[in-house]
2 protein chains.
Amino acid sequence: MVEHTAHAFDVDLQELARKIAEMGGLVEKQIVDAIEALVKHDIALAKRIIVADDLVDARQREIEERAVVAIARRQPMAVDLREIVGALRISNDLERIGDLAENIAKRTILTDELPSSEVILQLDRMVKLVLVQLRRVLHSYAQHDLAEALDVWRRDAEIDAMNSSIFRELLTYMMENPRNITFCTHLLFCAKNVERMGDHATNIAETVYYIVQGHPLSDERPKADITSKRMLPSSV
Amino acid sequence: MVEHTAHAFDVDLQELARKIAEMGGLVEKQIVDAIEALVKHDIALAKRIIVADDLVDARQREIEERAVVAIARRQPMAVDLREIVGALRISNDLERIGDLAENIAKRTILTDELPSSEVILQLDRMVKLVLVQLRRVLHSYAQHDLAEALDVWRRDAEIDAMNSSIFRELLTYMMENPRNITFCTHLLFCAKNVERMGDHATNIAETVYYIVQGHPLSDERPKADITSKRMLPSSV
């Protein structure tokens, strides 16, 4: 009976992991579409992204409910509980990334066509890096690959640096010509949204660490590093 | 035995509700401190907010772990599972509000003293309204008061309107004088952070509705209303 329950719980966990991989794929597509809609000022695509965000939200609720039912039915302990808590956290981060993509889509609808500029290319590069981070962290979750998760966690600094560079560039454009202010303001928020997607990929890396190691990653971080990281430009 | 378990579960739920009320109080204080640090350019206070955010995060993890353990031990069904899922969601929204307050504190450290302006008074009024919304929604959760939750949910539109008004005003300042651009950009992000706090209060109202009614609030919303609401300026 115990074996049977343990096996049934493994099936539940595999099913949860599969649902998270699917949700991850959907969220990746939302990011790709959001940046395309922004750059090409494709209002129809932006509207489809907004509608599709409901699917992302529904996936998250489904994962949440399955996780809770799995706990109630199987009464798992220790490591298995960590797997469930981890699945809840990851689906939550994915849902938030989806909201950020939707946000860019909403902003696309509200604004006029953007003038082409170097800064949009920079934003595009930043999005590509976020996509790599997201794919790798989802892979590290599927494989319980701690080294890959830690690598994703460390590389978030590159995304933050790109955002700071875009931020400075946009401020310069605005100061040069007041007519740039409106579109630059929108791009500031879009870049911030992309940077926050990177933060959520980092959160997922921390969750993978917690699942595998059984304690939070922050316990491992050297104190000096925490302080410097924590005082960096806001990352939420 | 069943009665005993049911009673033990009630105790678990009361304990969770108490922890959420406490966490809510802590988050309220973070908001009050964040706006004070911003307006008075109080760097020491801003640093204390950043440190205190770790406490908020720790509360959230504690609620998450207690909730999961309560499910595993008591195997609750239906309405009781909703209470647990609801507690998880609410602690999550509170944690996000805490992050937004921390964000304003980080920005305070990064920026020079703000010139006094009408727009800061407006931001202060917006924060006060968010605090009222947060207190009321936490009260509606504690009392399972559906009418109060729905009232909070409806009043979020006022906060969104205040944000739009601040947004327009800041754009005007920037266009009038390029020297205003840097501080106005920071205030744009601060106002956005406050608006998002309001969104999380609204999410909590939706969770209270879900706990009490057993289905999502969005099912109730008239279709036309969804469409218009969804196309409003981004709220994430």
# chains A, B, ... in the order shown; residues from 1 in each chain; ligands from 1
$ interface_residues --of "chain A" --to "chain B" --cutoff "9 Å" --atoms "only C-alpha atoms" --output "NGL selection string"
:A and (47 or 50 or 64-65 or 68-77 or 81 or 84-85 or 96 or 99-100 or 102-107 or 109-110 or 171 or 174-179 or 181-182 or 185 or 188-189 or 193 or 230-236)
$ select_by_dssp --residues "stretch 62-121 of chain B" --states "alpha helix (DSSP H)" --output "count of residues only"
49
$ atom_distance --atom1 "atom CA of A:Ala142" --atom2 "atom CA of A:Ser91"
13.3 Å
